[in-house]
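Q: If it helps, the file is called run_12.pdb and holds PDB, C-alpha atoms:
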```
ATOM      1  CA  ASP A 669       0.000   0.000   0.000  1.00  0.00           C
ATOM      2  CA  THR A 670       1.289   3.408  -0.944  1.00  0.00           C
ATOM      3  CA  GLU A 671       1.794   5.968   1.826  1.00  0.00           C
ATOM      4  CA  VAL A 672       1.064   8.824  -0.559  1.00  0.00           C
ATOM      5  CA  THR A 673      -2.591   8.933  -1.593  1.00  0.00           C
ATOM      6  CA  GLN A 674      -3.769  10.612  -4.766  1.00  0.00           C
ATOM      7  CA  THR A 675      -7.336  11.280  -5.869  1.00  0.00           C
ATOM      8  CA  PRO A 676      -8.934  10.814  -8.263  1.00  0.00           C
ATOM      9  CA  LYS A 677      -7.231   7.868  -9.961  1.00  0.00           C
ATOM     10  CA  HIS A 678      -8.680   8.824 -13.334  1.00  0.00           C
ATOM     11  CA  LEU A 679      -9.989  12.151 -14.618  1.00  0.00           C
ATOM     12  CA  VAL A 680     -11.474  13.073 -17.970  1.00  0.00           C
ATOM     13  CA  MET A 681     -12.129  16.759 -18.581  1.00  0.00           C
ATOM     14  CA  GLY A 682     -12.830  19.185 -21.364  1.00  0.00           C
ATOM     15  CA  MET A 683     -10.542  22.046 -22.255  1.00  0.00           C
ATOM     16  CA  THR A 684     -12.818  24.616 -20.605  1.00  0.00           C
ATOM     17  CA  ASN A 685     -13.271  22.755 -17.311  1.00  0.00           C
ATOM     18  CA  LYS A 686     -11.724  23.519 -13.932  1.00  0.00           C
ATOM     19  CA  LYS A 687     -10.715  20.563 -11.788  1.00  0.00           C
ATOM     20  CA  SER A 688      -8.295  19.748  -8.974  1.00  0.00           C
ATOM     21  CA  LEU A 689      -6.003  16.847  -8.212  1.00  0.00           C
ATOM     22  CA  LYS A 690      -5.394  16.004  -4.569  1.00  0.00           C
ATOM     23  CA  CYS A 691      -2.452  14.438  -2.764  1.00  0.00           C
ATOM     24  CA  GLU A 692      -2.065  13.512   0.906  1.00  0.00           C
ATOM     25  CA  GLN A 693       0.767  12.019   2.948  1.00  0.00           C
ATOM     26  CA  HIS A 694       0.895  11.047   6.609  1.00  0.00           C
ATOM     27  CA  MET A 695       4.606  10.374   6.961  1.00  0.00           C
ATOM     28  CA  GLY A 696       5.424  13.767   8.475  1.00  0.00           C
ATOM     29  CA  HIS A 697       7.374  14.725   5.378  1.00  0.00           C
ATOM     30  CA  ARG A 698       8.139  18.409   4.846  1.00  0.00           C
ATOM     31  CA  ALA A 699       8.525  18.387   1.070  1.00  0.00           C
ATOM     32  CA  MET A 700       5.951  17.462  -1.559  1.00  0.00           C
ATOM     33  CA  TYR A 701       6.242  17.350  -5.328  1.00  0.00           C
ATOM     34  CA  TRP A 702       4.137  17.235  -8.470  1.00  0.00           C
ATOM     35  CA  TYR A 703       5.450  15.381 -11.517  1.00  0.00           C
ATOM     36  CA  LYS A 704       4.053  14.906 -15.012  1.00  0.00           C
ATOM     37  CA  GLN A 705       4.732  11.604 -16.767  1.00  0.00           C
ATOM     38  CA  LYS A 706       3.971  11.002 -20.438  1.00  0.00           C
ATOM     39  CA  ALA A 707       3.773   7.459 -21.807  1.00  0.00           C
ATOM     40  CA  LYS A 708       7.138   5.670 -21.982  1.00  0.00           C
ATOM     41  CA  LYS A 709       8.930   8.686 -20.496  1.00  0.00           C
ATOM     42  CA  PRO A 710      10.411   9.425 -17.066  1.00  0.00           C
ATOM     43  CA  PRO A 711       8.616  11.774 -14.654  1.00  0.00           C
ATOM     44  CA  GLU A 712       9.258  15.496 -15.123  1.00  0.00           C
ATOM     45  CA  LEU A 713       9.241  17.785 -12.105  1.00  0.00           C
ATOM     46  CA  MET A 714       6.549  20.480 -12.105  1.00  0.00           C
ATOM     47  CA  PHE A 715       6.472  21.938  -8.582  1.00  0.00           C
ATOM     48  CA  VAL A 716       8.194  21.515  -5.240  1.00  0.00           C
ATOM     49  CA  TYR A 717       6.753  22.606  -1.923  1.00  0.00           C
ATOM     50  CA  SER A 718       9.285  22.448   0.874  1.00  0.00           C
ATOM     51  CA  TYR A 719       9.250  24.070   4.302  1.00  0.00           C
ATOM     52  CA  GLU A 720       6.429  26.401   3.299  1.00  0.00           C
ATOM     53  CA  LYS A 721       8.286  27.564   0.211  1.00  0.00           C
ATOM     54  CA  LEU A 722       6.855  26.800  -3.200  1.00  0.00           C
ATOM     55  CA  SER A 723       9.259  26.489  -6.092  1.00  0.00           C
ATOM     56  CA  ILE A 724       8.106  26.410  -9.661  1.00  0.00           C
ATOM     57  CA  ASN A 725       9.613  24.876 -12.765  1.00  0.00           C
ATOM     58  CA  GLU A 726       9.476  27.895 -15.036  1.00  0.00           C
ATOM     59  CA  SER A 727       8.556  25.784 -18.043  1.00  0.00           C
ATOM     60  CA  VAL A 728       5.220  24.780 -16.469  1.00  0.00           C
ATOM     61  CA  PRO A 729       2.302  26.723 -17.993  1.00  0.00           C
ATOM     62  CA  SER A 730       0.153  28.907 -15.754  1.00  0.00           C
ATOM     63  CA  ARG A 731      -2.910  26.728 -16.411  1.00  0.00           C
ATOM     64  CA  PHE A 732      -1.418  24.495 -13.669  1.00  0.00           C
ATOM     65  CA  SER A 733      -1.649  26.028 -10.190  1.00  0.00           C
ATOM     66  CA  PRO A 734      -0.428  24.259  -7.025  1.00  0.00           C
ATOM     67  CA  GLU A 735      -1.780  24.837  -3.556  1.00  0.00           C
ATOM     68  CA  CYS A 736      -0.580  23.529  -0.191  1.00  0.00           C
ATOM     69  CA  PRO A 737      -3.310  23.881   2.487  1.00  0.00           C
ATOM     70  CA  ASN A 738      -1.032  22.282   5.123  1.00  0.00           C
ATOM     71  CA  SER A 739       2.146  20.247   5.362  1.00  0.00           C
ATOM     72  CA  SER A 740       0.402  16.958   4.535  1.00  0.00           C
ATOM     73  CA  LEU A 741      -1.773  18.096   1.623  1.00  0.00           C
ATOM     74  CA  LEU A 742      -0.906  19.248  -1.856  1.00  0.00           C
ATOM     75  CA  ASN A 743      -3.406  20.132  -4.570  1.00  0.00           C
ATOM     76  CA  LEU A 744      -2.970  20.828  -8.257  1.00  0.00           C
ATOM     77  CA  HIS A 745      -5.618  23.089  -9.772  1.00  0.00           C
ATOM     78  CA  LEU A 746      -6.243  22.680 -13.488  1.00  0.00           C
ATOM     79  CA  HIS A 747      -7.853  25.240 -15.792  1.00  0.00           C
ATOM     80  CA  ALA A 748      -8.137  25.522 -19.560  1.00  0.00           C
ATOM     81  CA  LEU A 749      -5.909  22.543 -20.224  1.00  0.00           C
ATOM     82  CA  GLN A 750      -4.787  21.435 -23.674  1.00  0.00           C
ATOM     83  CA  PRO A 751      -4.851  17.916 -25.175  1.00  0.00           C
ATOM     84  CA  GLU A 752      -1.066  17.681 -24.764  1.00  0.00           C
ATOM     85  CA  ASP A 753      -1.585  17.929 -20.991  1.00  0.00           C
ATOM     86  CA  SER A 754      -3.004  14.398 -21.000  1.00  0.00           C
ATOM     87  CA  ALA A 755      -0.605  12.365 -18.862  1.00  0.00           C
ATOM     88  CA  LEU A 756      -0.095  10.589 -15.548  1.00  0.00           C
ATOM     89  CA  TYR A 757       0.337  13.139 -12.753  1.00  0.00           C
ATOM     90  CA  LEU A 758       2.384  11.840  -9.853  1.00  0.00           C
ATOM     91  CA  CYS A 759       2.670  13.255  -6.373  1.00  0.00           C
ATOM     92  CA  ALA A 760       5.666  12.486  -4.179  1.00  0.00           C
ATOM     93  CA  SER A 761       6.924  13.425  -0.730  1.00  0.00           C
ATOM     94  CA  SER A 762      10.250  13.355   1.089  1.00  0.00           C
ATOM     95  CA  GLN A 763      11.655  14.374   4.435  1.00  0.00           C
ATOM     96  CA  GLY A 764      12.701  17.648   2.886  1.00  0.00           C
ATOM     97  CA  THR A 765      15.619  18.295   5.215  1.00  0.00           C
ATOM     98  CA  PRO A 766      18.016  20.734   3.593  1.00  0.00           C
ATOM     99  CA  TYR A 767      20.739  18.767   1.866  1.00  0.00           C
ATOM    100  CA  SER A 768      18.577  15.689   2.253  1.00  0.00           C
ATOM    101  CA  ASN A 769      19.628  12.509   0.497  1.00  0.00           C
ATOM    102  CA  GLN A 770      16.440  10.703   1.333  1.00  0.00           C
ATOM    103  CA  PRO A 771      14.227   9.008  -1.248  1.00  0.00           C
ATOM    104  CA  GLN A 772      10.990  10.388  -2.534  1.00  0.00           C
ATOM    105  CA  HIS A 773       7.839   8.353  -1.947  1.00  0.00           C
ATOM    106  CA  PHE A 774       5.364   8.336  -4.826  1.00  0.00           C
ATOM    107  CA  GLY A 775       1.618   7.944  -5.045  1.00  0.00           C
ATOM    108  CA  ASP A 776      -0.046   5.842  -7.738  1.00  0.00           C
ATOM    109  CA  GLY A 777      -0.896   8.921  -9.781  1.00  0.00           C
ATOM    110  CA  THR A 778      -3.913  10.461 -11.459  1.00  0.00           C
ATOM    111  CA  ARG A 779      -4.360   9.564 -15.101  1.00  0.00           C
ATOM    112  CA  LEU A 780      -5.664  12.706 -16.785  1.00  0.00           C
ATOM    113  CA  SER A 781      -7.287  12.800 -20.219  1.00  0.00           C
ATOM    114  CA  ILE A 782      -8.179  16.073 -21.909  1.00  0.00           C
ATOM    115  CA  LEU A 783     -10.880  15.914 -24.547  1.00  0.00           C
TER     116      LEU A 783
ATOM    117  CA  GLY B 250      23.457  20.161 -15.578  1.00  0.00           C
ATOM    118  CA  ASN B 251      23.019  16.809 -13.918  1.00  0.00           C
ATOM    119  CA  SER B 252      21.896  13.881 -16.041  1.00  0.00           C
ATOM    120  CA  VAL B 253      21.313  10.127 -15.925  1.00  0.00           C
ATOM    121  CA  THR B 254      21.810   7.732 -18.807  1.00  0.00           C
ATOM    122  CA  GLN B 255      20.533   4.169 -18.848  1.00  0.00           C
ATOM    123  CA  MET B 256      19.930   1.478 -21.436  1.00  0.00           C
ATOM    124  CA  GLU B 257      16.393   1.964 -22.684  1.00  0.00           C
ATOM    125  CA  GLY B 258      15.587  -1.542 -23.805  1.00  0.00           C
ATOM    126  CA  PRO B 259      13.204  -3.170 -24.017  1.00  0.00           C
ATOM    127  CA  VAL B 260      15.061  -5.980 -22.318  1.00  0.00           C
ATOM    128  CA  THR B 261      13.525  -9.431 -22.700  1.00  0.00           C
ATOM    129  CA  LEU B 262      14.777 -12.311 -20.551  1.00  0.00           C
ATOM    130  CA  SER B 263      13.719 -15.822 -19.696  1.00  0.00           C
ATOM    131  CA  GLU B 264      12.786 -16.633 -16.116  1.00  0.00           C
ATOM    132  CA  GLU B 265      15.831 -17.306 -13.884  1.00  0.00           C
ATOM    133  CA  ALA B 266      18.180 -15.407 -16.218  1.00  0.00           C
ATOM    134  CA  PHE B 267      20.730 -12.889 -14.916  1.00  0.00           C
ATOM    135  CA  LEU B 268      19.797  -9.224 -15.214  1.00  0.00           C
ATOM    136  CA  THR B 269      22.000  -6.178 -15.648  1.00  0.00           C
ATOM    137  CA  ILE B 270      20.644  -2.707 -16.401  1.00  0.00           C
ATOM    138  CA  ASN B 271      23.393  -0.152 -16.897  1.00  0.00           C
ATOM    139  CA  CYS B 272      23.138   3.339 -15.426  1.00  0.00           C
ATOM    140  CA  THR B 273      25.694   6.133 -15.577  1.00  0.00           C
ATOM    141  CA  TYR B 274      25.370   9.669 -14.325  1.00  0.00           C
ATOM    142  CA  THR B 275      26.832  13.143 -14.699  1.00  0.00           C
ATOM    143  CA  ALA B 276      26.673  15.387 -11.665  1.00  0.00           C
ATOM    144  CA  THR B 277      28.498  18.071  -9.761  1.00  0.00           C
ATOM    145  CA  GLY B 278      29.051  17.295  -6.134  1.00  0.00           C
ATOM    146  CA  TYR B 279      28.085  13.990  -4.526  1.00  0.00           C
ATOM    147  CA  PRO B 280      24.543  12.985  -5.383  1.00  0.00           C
ATOM    148  CA  SER B 281      22.602  10.117  -3.867  1.00  0.00           C
ATOM    149  CA  LEU B 282      21.568   7.425  -6.344  1.00  0.00           C
ATOM    150  CA  PHE B 283      18.341   5.446  -6.542  1.00  0.00           C
ATOM    151  CA  TRP B 284      16.603   2.753  -8.515  1.00  0.00           C
ATOM    152  CA  TYR B 285      12.824   2.961  -8.814  1.00  0.00           C
ATOM    153  CA  VAL B 286      10.454   0.411 -10.362  1.00  0.00           C
ATOM    154  CA  GLN B 287       7.123   1.182 -12.013  1.00  0.00           C
ATOM    155  CA  TYR B 288       4.567  -1.575 -12.594  1.00  0.00           C
ATOM    156  CA  PRO B 289       1.810  -1.008 -15.165  1.00  0.00           C
ATOM    157  CA  GLY B 290      -0.798   1.475 -13.973  1.00  0.00           C
ATOM    158  CA  GLU B 291       1.091   2.345 -10.805  1.00  0.00           C
ATOM    159  CA  GLY B 292       3.397   5.011  -9.434  1.00  0.00           C
ATOM    160  CA  LEU B 293       7.108   4.631  -8.799  1.00  0.00           C
ATOM    161  CA  GLN B 294       8.302   2.407  -5.974  1.00  0.00           C
ATOM    162  CA  LEU B 295      11.722   2.781  -4.406  1.00  0.00           C
ATOM    163  CA  LEU B 296      13.743  -0.348  -5.107  1.00  0.00           C
ATOM    164  CA  LEU B 297      17.103   0.560  -3.548  1.00  0.00           C
ATOM    165  CA  LYS B 298      19.412   3.474  -2.847  1.00  0.00           C
ATOM    166  CA  ALA B 299      23.035   4.411  -2.153  1.00  0.00           C
ATOM    167  CA  THR B 300      24.155   7.703  -0.652  1.00  0.00           C
ATOM    168  CA  LYS B 301      27.938   7.616  -0.998  1.00  0.00           C
ATOM    169  CA  ALA B 302      30.723   6.045  -3.014  1.00  0.00           C
ATOM    170  CA  ASP B 303      31.127   2.256  -2.643  1.00  0.00           C
ATOM    171  CA  ASP B 304      27.748   1.912  -0.929  1.00  0.00           C
ATOM    172  CA  LYS B 305      25.778  -1.121  -2.089  1.00  0.00           C
ATOM    173  CA  GLY B 306      22.009  -0.922  -2.119  1.00  0.00           C
ATOM    174  CA  SER B 307      20.020  -4.148  -2.108  1.00  0.00           C
ATOM    175  CA  ASN B 308      16.379  -5.203  -1.951  1.00  0.00           C
ATOM    176  CA  LYS B 309      14.296  -8.192  -3.155  1.00  0.00           C
ATOM    177  CA  GLY B 310      17.358  -9.803  -4.758  1.00  0.00           C
ATOM    178  CA  PHE B 311      18.337  -6.644  -6.669  1.00  0.00           C
ATOM    179  CA  GLU B 312      21.699  -4.980  -6.039  1.00  0.00           C
ATOM    180  CA  ALA B 313      23.546  -1.874  -7.207  1.00  0.00           C
ATOM    181  CA  THR B 314      26.902  -0.391  -6.148  1.00  0.00           C
ATOM    182  CA  TYR B 315      27.704   3.328  -6.234  1.00  0.00           C
ATOM    183  CA  ARG B 316      30.918   3.562  -8.305  1.00  0.00           C
ATOM    184  CA  LYS B 317      32.286   7.096  -8.183  1.00  0.00           C
ATOM    185  CA  GLU B 318      35.301   6.312 -10.362  1.00  0.00           C
ATOM    186  CA  THR B 319      33.105   5.167 -13.252  1.00  0.00           C
ATOM    187  CA  THR B 320      30.069   7.324 -12.305  1.00  0.00           C
ATOM    188  CA  SER B 321      27.893   4.242 -12.515  1.00  0.00           C
ATOM    189  CA  PHE B 322      25.112   2.549 -10.550  1.00  0.00           C
ATOM    190  CA  HIS B 323      24.278  -0.630 -12.481  1.00  0.00           C
ATOM    191  CA  LEU B 324      21.304  -2.725 -11.365  1.00  0.00           C
ATOM    192  CA  GLU B 325      21.744  -6.503 -11.130  1.00  0.00           C
ATOM    193  CA  LYS B 326      19.686  -9.512 -10.151  1.00  0.00           C
ATOM    194  CA  GLY B 327      20.890 -13.083 -10.235  1.00  0.00           C
ATOM    195  CA  SER B 328      17.617 -14.775 -11.193  1.00  0.00           C
ATOM    196  CA  VAL B 329      14.673 -12.790 -12.536  1.00  0.00           C
ATOM    197  CA  GLN B 330      11.039 -13.778 -12.198  1.00  0.00           C
ATOM    198  CA  VAL B 331       8.006 -13.041 -14.359  1.00  0.00           C
ATOM    199  CA  SER B 332       6.799 -10.711 -11.588  1.00  0.00           C
ATOM    200  CA  ASP B 333       9.890  -8.513 -12.144  1.00  0.00           C
ATOM    201  CA  SER B 334       8.467  -7.345 -15.475  1.00  0.00           C
ATOM    202  CA  ALA B 335       8.229  -3.567 -15.142  1.00  0.00           C
ATOM    203  CA  VAL B 336       9.968  -0.314 -16.048  1.00  0.00           C
ATOM    204  CA  TYR B 337      13.098   0.504 -14.039  1.00  0.00           C
ATOM    205  CA  PHE B 338      14.292   4.087 -13.535  1.00  0.00           C
ATOM    206  CA  CYS B 339      17.733   5.116 -12.341  1.00  0.00           C
ATOM    207  CA  ALA B 340      17.738   8.496 -10.595  1.00  0.00           C
ATOM    208  CA  LEU B 341      20.017  10.888  -8.767  1.00  0.00           C
ATOM    209  CA  SER B 342      19.121  13.315  -6.038  1.00  0.00           C
ATOM    210  CA  ASP B 343      20.805  16.656  -6.000  1.00  0.00           C
ATOM    211  CA  ARG B 344      20.457  19.068  -3.104  1.00  0.00           C
ATOM    212  CA  LEU B 345      18.904  22.443  -3.703  1.00  0.00           C
ATOM    213  CA  ASN B 346      17.970  25.343  -1.486  1.00  0.00           C
ATOM    214  CA  TYR B 347      14.292  24.455  -1.718  1.00  0.00           C
ATOM    215  CA  GLY B 348      14.660  20.699  -1.342  1.00  0.00           C
ATOM    216  CA  GLN B 349      15.623  17.919  -3.677  1.00  0.00           C
ATOM    217  CA  ASN B 350      15.862  17.841  -7.434  1.00  0.00           C
ATOM    218  CA  PHE B 351      15.386  14.294  -8.702  1.00  0.00           C
ATOM    219  CA  VAL B 352      16.812  13.610 -12.144  1.00  0.00           C
ATOM    220  CA  PHE B 353      15.539  10.413 -13.751  1.00  0.00           C
ATOM    221  CA  GLY B 354      16.994   8.325 -16.516  1.00  0.00           C
ATOM    222  CA  PRO B 355      14.742   7.454 -19.483  1.00  0.00           C
ATOM    223  CA  GLY B 356      13.659   4.131 -17.967  1.00  0.00           C
ATOM    224  CA  THR B 357      14.311   0.518 -19.019  1.00  0.00           C
ATOM    225  CA  ARG B 358      11.390  -1.750 -19.794  1.00  0.00           C
ATOM    226  CA  LEU B 359      12.005  -5.339 -18.664  1.00  0.00           C
ATOM    227  CA  SER B 360       9.920  -8.269 -19.837  1.00  0.00           C
ATOM    228  CA  VAL B 361      10.510 -11.684 -18.252  1.00  0.00           C
ATOM    229  CA  LEU B 362       9.071 -14.672 -20.099  1.00  0.00           C
ATOM    230  CA  PRO B 363       8.089 -17.927 -18.340  1.00  0.00           C
TER     231      PRO B 363
END
```
Would you encode the structure as structure tokens?

A:
Amino acid sequence: DTEVTQTPKHLVMGMTNKKSLKCEQHMGHRAMYWYKQKAKKPPELMFVYSYEKLSINESVPSRFSPECPNSSLLNLHLHALQPEDSALYLCASSQGTPYSNQPQHFGDGTRLSIL
Amino acid sequence: GNSVTQMEGPVTLSEEAFLTINCTYTATGYPSLFWYVQYPGEGLQLLLKATKADDKGSNKGFEATYRKETTSFHLEKGSVQVSDSAVYFCALSDRLNYGQNFVFGPGTRLSVLP
């Protein structure tokens, strides 16, 4: 069983819809991450939230908006997505200690399809 | 910047065969190294890790040794099973002011035939 829980598991939405992906961890980790994974490709980092500081990959379009209500929750708000945004979205967490060499723990992902 | 290179496969083996998946990296400083496995329809699971030179990570019969002199972290298993069929990602973790930056290799798809 994964210790990082993502909901929903599957999401189909139109290009004009607004939806949110949710991620929760109960391991006391202080860093959480959103990744995008296209088929047969490795995950690509989108956002990092660590010690109340949000860092953004500048190549991520503004139609993706992260939110961290508390240290165990991380949301990804979606608006006006494009068909090329269809992918598996993975959430991960880690201890987040500065200079940490600890692994990241991944959820099972949300498979997103844009019509 | 930092990067990870690994054989992309697909790799097809018979059950009980020996497995090697090569991984080499380019990095400044002293990154930690990881192997993750992804089964169909699932997220990534940590398989093993090594945090300094000459460390050997091991789990479920898989092993990898952090070789600083050759900048490598090859994954090996002596006898694969059908249940090992999955995609394997080599990754390095680099420290940053805001946390970790994980750099993944392209992934190696392994198919084990009965």

Q: Sorted by chain and rising residue number, list the residues of chain A at most 10 Å from chain B (counting all atoms listed in the file), each with its closest atom pair and distance in Å to one decimal, as a tab-separated table.

A:
```
residue	atom	partner	partner_atom	distance
A:Thr670	CA	B:Gln294	CA	8.7
A:Val672	CA	B:Gly292	CA	9.9
A:Lys677	CA	B:Gly290	CA	9.9
A:Arg698	CA	B:Gly348	CA	9.3
A:Ala699	CA	B:Gly348	CA	7.0
A:Met700	CA	B:Gly348	CA	9.3
A:Tyr701	CA	B:Gln349	CA	9.5
A:Gln705	CA	B:Gly292	CA	10.0
A:Lys708	CA	B:Gly356	CA	7.8
A:Lys709	CA	B:Pro355	CA	6.0
A:Pro710	CA	B:Pro355	CA	5.3
A:Pro711	CA	B:Phe353	CA	7.1
A:Glu712	CA	B:Phe353	CA	8.2
A:Leu713	CA	B:Phe351	CA	7.8
A:Val716	CA	B:Gly348	CA	7.6
A:Tyr717	CA	B:Tyr347	CA	7.8
A:Ser718	CA	B:Tyr347	CA	6.0
A:Tyr719	CA	B:Tyr347	CA	7.9
A:Glu720	CA	B:Tyr347	CA	9.5
A:Lys721	CA	B:Tyr347	CA	7.0
A:Leu722	CA	B:Tyr347	CA	7.9
A:Ser723	CA	B:Tyr347	CA	7.0
A:Leu756	CA	B:Gly292	CA	9.0
A:Tyr757	CA	B:Gly292	CA	9.3
A:Leu758	CA	B:Gly292	CA	6.9
A:Cys759	CA	B:Gly292	CA	8.8
A:Ala760	CA	B:Leu293	CA	9.2
A:Ser762	CA	B:Gln349	CA	8.5
A:Gln763	CA	B:Gly348	CA	9.1
A:Gly764	CA	B:Gly348	CA	5.6
A:Thr765	CA	B:Gly348	CA	7.0
A:Pro766	CA	B:Gly348	CA	6.0
A:Tyr767	CA	B:Arg344	CA	5.0
A:Ser768	CA	B:Arg344	CA	6.6
A:Asn769	CA	B:Ser281	CA	5.8
A:Gln770	CA	B:Ser281	CA	8.1
A:Pro771	CA	B:Leu295	CA	7.4
A:Gln772	CA	B:Leu295	CA	7.9
A:His773	CA	B:Gln294	CA	7.2
A:Phe774	CA	B:Leu293	CA	5.7
A:Gly775	CA	B:Gly292	CA	5.6
A:Asp776	CA	B:Gly292	CA	3.9
A:Gly777	CA	B:Gly292	CA	5.8
A:Thr778	CA	B:Gly292	CA	9.3
A:Arg779	CA	B:Gly290	CA	8.9
```

Q: Go ahead and compute the interatomic distance for atom CA of A:Gln674 and atom CA of A:Phe732, in Å to one decimal.

A: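 So the answer is 16.7 Å.
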
Q: Report, in Å to a single decimal, how far apart atom CA of A:Leu746 and atom CA of A:Glu692 are.

A: 17.6 Å

Q: First collect every listed atom of stretch 314-319 of chain B; then fit an axis-aligned box around them, widen it by 3 Å on each side, and give centre and edge lengths in Å to one decimal, as JSON.

A:
```
{"center_x": 31.1, "center_y": 3.4, "center_z": -9.7, "size_x": 14.4, "size_y": 13.5, "size_z": 13.1}
```

Q: Please, what distance in Å, to one decimal, runs between atom CA of B:Leu362 and atom CA of B:Ser263?

A: 4.8 Å

Q: Could you check which of B:Gly306, B:Ser360, B:Glu264, B:Thr275 is closest to B:Thr319, using all atoms listed in the file?

A: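 Result for the nearest residue to B:Thr319: B:Thr275.
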
Q: Using all atoms listed in the file, which residues sit within 7 Å of stretch 682-688 of chain A once same-chain residues fewer than 5 positions away are excluded, as a PDB file with C-alpha atoms, keeping the file's coordinate frame?

A:
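Output below, filename out-v8.pdb:
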```pdb
ATOM      1  CA  ASN A 743      -3.406  20.132  -4.570  1.00  0.00           C
ATOM      2  CA  LEU A 744      -2.970  20.828  -8.257  1.00  0.00           C
ATOM      3  CA  HIS A 745      -5.618  23.089  -9.772  1.00  0.00           C
ATOM      4  CA  LEU A 746      -6.243  22.680 -13.488  1.00  0.00           C
ATOM      5  CA  HIS A 747      -7.853  25.240 -15.792  1.00  0.00           C
ATOM      6  CA  ALA A 748      -8.137  25.522 -19.560  1.00  0.00           C
ATOM      7  CA  LEU A 749      -5.909  22.543 -20.224  1.00  0.00           C
ATOM      8  CA  GLN A 750      -4.787  21.435 -23.674  1.00  0.00           C
ATOM      9  CA  ILE A 782      -8.179  16.073 -21.909  1.00  0.00           C
ATOM     10  CA  LEU A 783     -10.880  15.914 -24.547  1.00  0.00           C
TER      11      LEU A 783
END
```

Q: Please expand the PyMOL selection byres ((chain B and resi 361) around 10) into the concrete residues it hits in this file, giving the result as a ChimeraX atom specification.

A: /B:260-266,329-335,359-360,362-363

Q: For B:Glu325, which residue out of B:Leu296, B:Ile270, B:Val253, B:Ala276 is the nearest one, using all atoms listed in the file?

A: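 Counting all atoms listed in the file, the residue closest to B:Glu325 is B:Ile270.
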
Q: So what does the PyMOL selection byres ((chain B and resi 320) around 10) actually pick up in this one, as an MDAnalysis selection string?

A: chainID B and resid 253 272:276 302 315:319 321:323

Q: As a list in words, please: the residues near B:Gly327 (cut-off 9 Å, only C-alpha atoms, same-chain neighbours under 3 positions excluded).

A: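 Returned residues: Glu265, Ala266, Phe267, Leu268, Thr269, Gly310 and Phe311 of chain B.
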
Q: From the block you just saw, export stretch 687-697 of chain A: N, CA, C and O atoms, as a compact mmCIF listing (two decimals), in the first residue's frame.

A:
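Result written to selection-v5.txt:
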```txt
# COMPACT_ATOMS: atom_id res chain seq x y z
N LYS A 687 -10.73 21.71 -12.69
CA LYS A 687 -10.71 20.56 -11.79
C LYS A 687 -9.49 20.65 -10.89
O LYS A 687 -8.58 21.45 -11.15
N SER A 688 -9.45 19.79 -9.88
CA SER A 688 -8.30 19.75 -8.97
C SER A 688 -7.87 18.31 -8.71
O SER A 688 -8.72 17.42 -8.57
N LEU A 689 -6.58 18.12 -8.65
CA LEU A 689 -6.00 16.85 -8.21
C LEU A 689 -5.55 17.02 -6.76
O LEU A 689 -5.06 18.07 -6.37
N LYS A 690 -5.73 15.92 -5.99
CA LYS A 690 -5.39 16.00 -4.57
C LYS A 690 -4.35 14.96 -4.20
O LYS A 690 -4.32 13.86 -4.76
N CYS A 691 -3.50 15.32 -3.24
CA CYS A 691 -2.45 14.44 -2.76
C CYS A 691 -2.33 14.60 -1.26
O CYS A 691 -2.37 15.72 -0.74
N GLU A 692 -2.17 13.48 -0.55
CA GLU A 692 -2.07 13.51 0.91
C GLU A 692 -1.01 12.52 1.36
O GLU A 692 -0.92 11.41 0.84
N GLN A 693 -0.20 12.93 2.35
CA GLN A 693 0.77 12.02 2.95
C GLN A 693 0.73 12.18 4.46
O GLN A 693 0.52 13.27 4.96
N HIS A 694 0.93 11.06 5.15
CA HIS A 694 0.90 11.05 6.61
C HIS A 694 2.20 10.52 7.19
O HIS A 694 2.22 9.84 8.20
N MET A 695 3.30 10.83 6.50
CA MET A 695 4.61 10.37 6.96
C MET A 695 5.38 11.48 7.66
O MET A 695 6.55 11.30 8.02
N GLY A 696 4.74 12.65 7.84
CA GLY A 696 5.42 13.77 8.47
C GLY A 696 6.48 14.41 7.59
O GLY A 696 7.35 15.13 8.09
N HIS A 697 6.39 14.15 6.29
CA HIS A 697 7.37 14.72 5.38
C HIS A 697 7.15 16.22 5.21
O HIS A 697 6.02 16.71 5.29
```
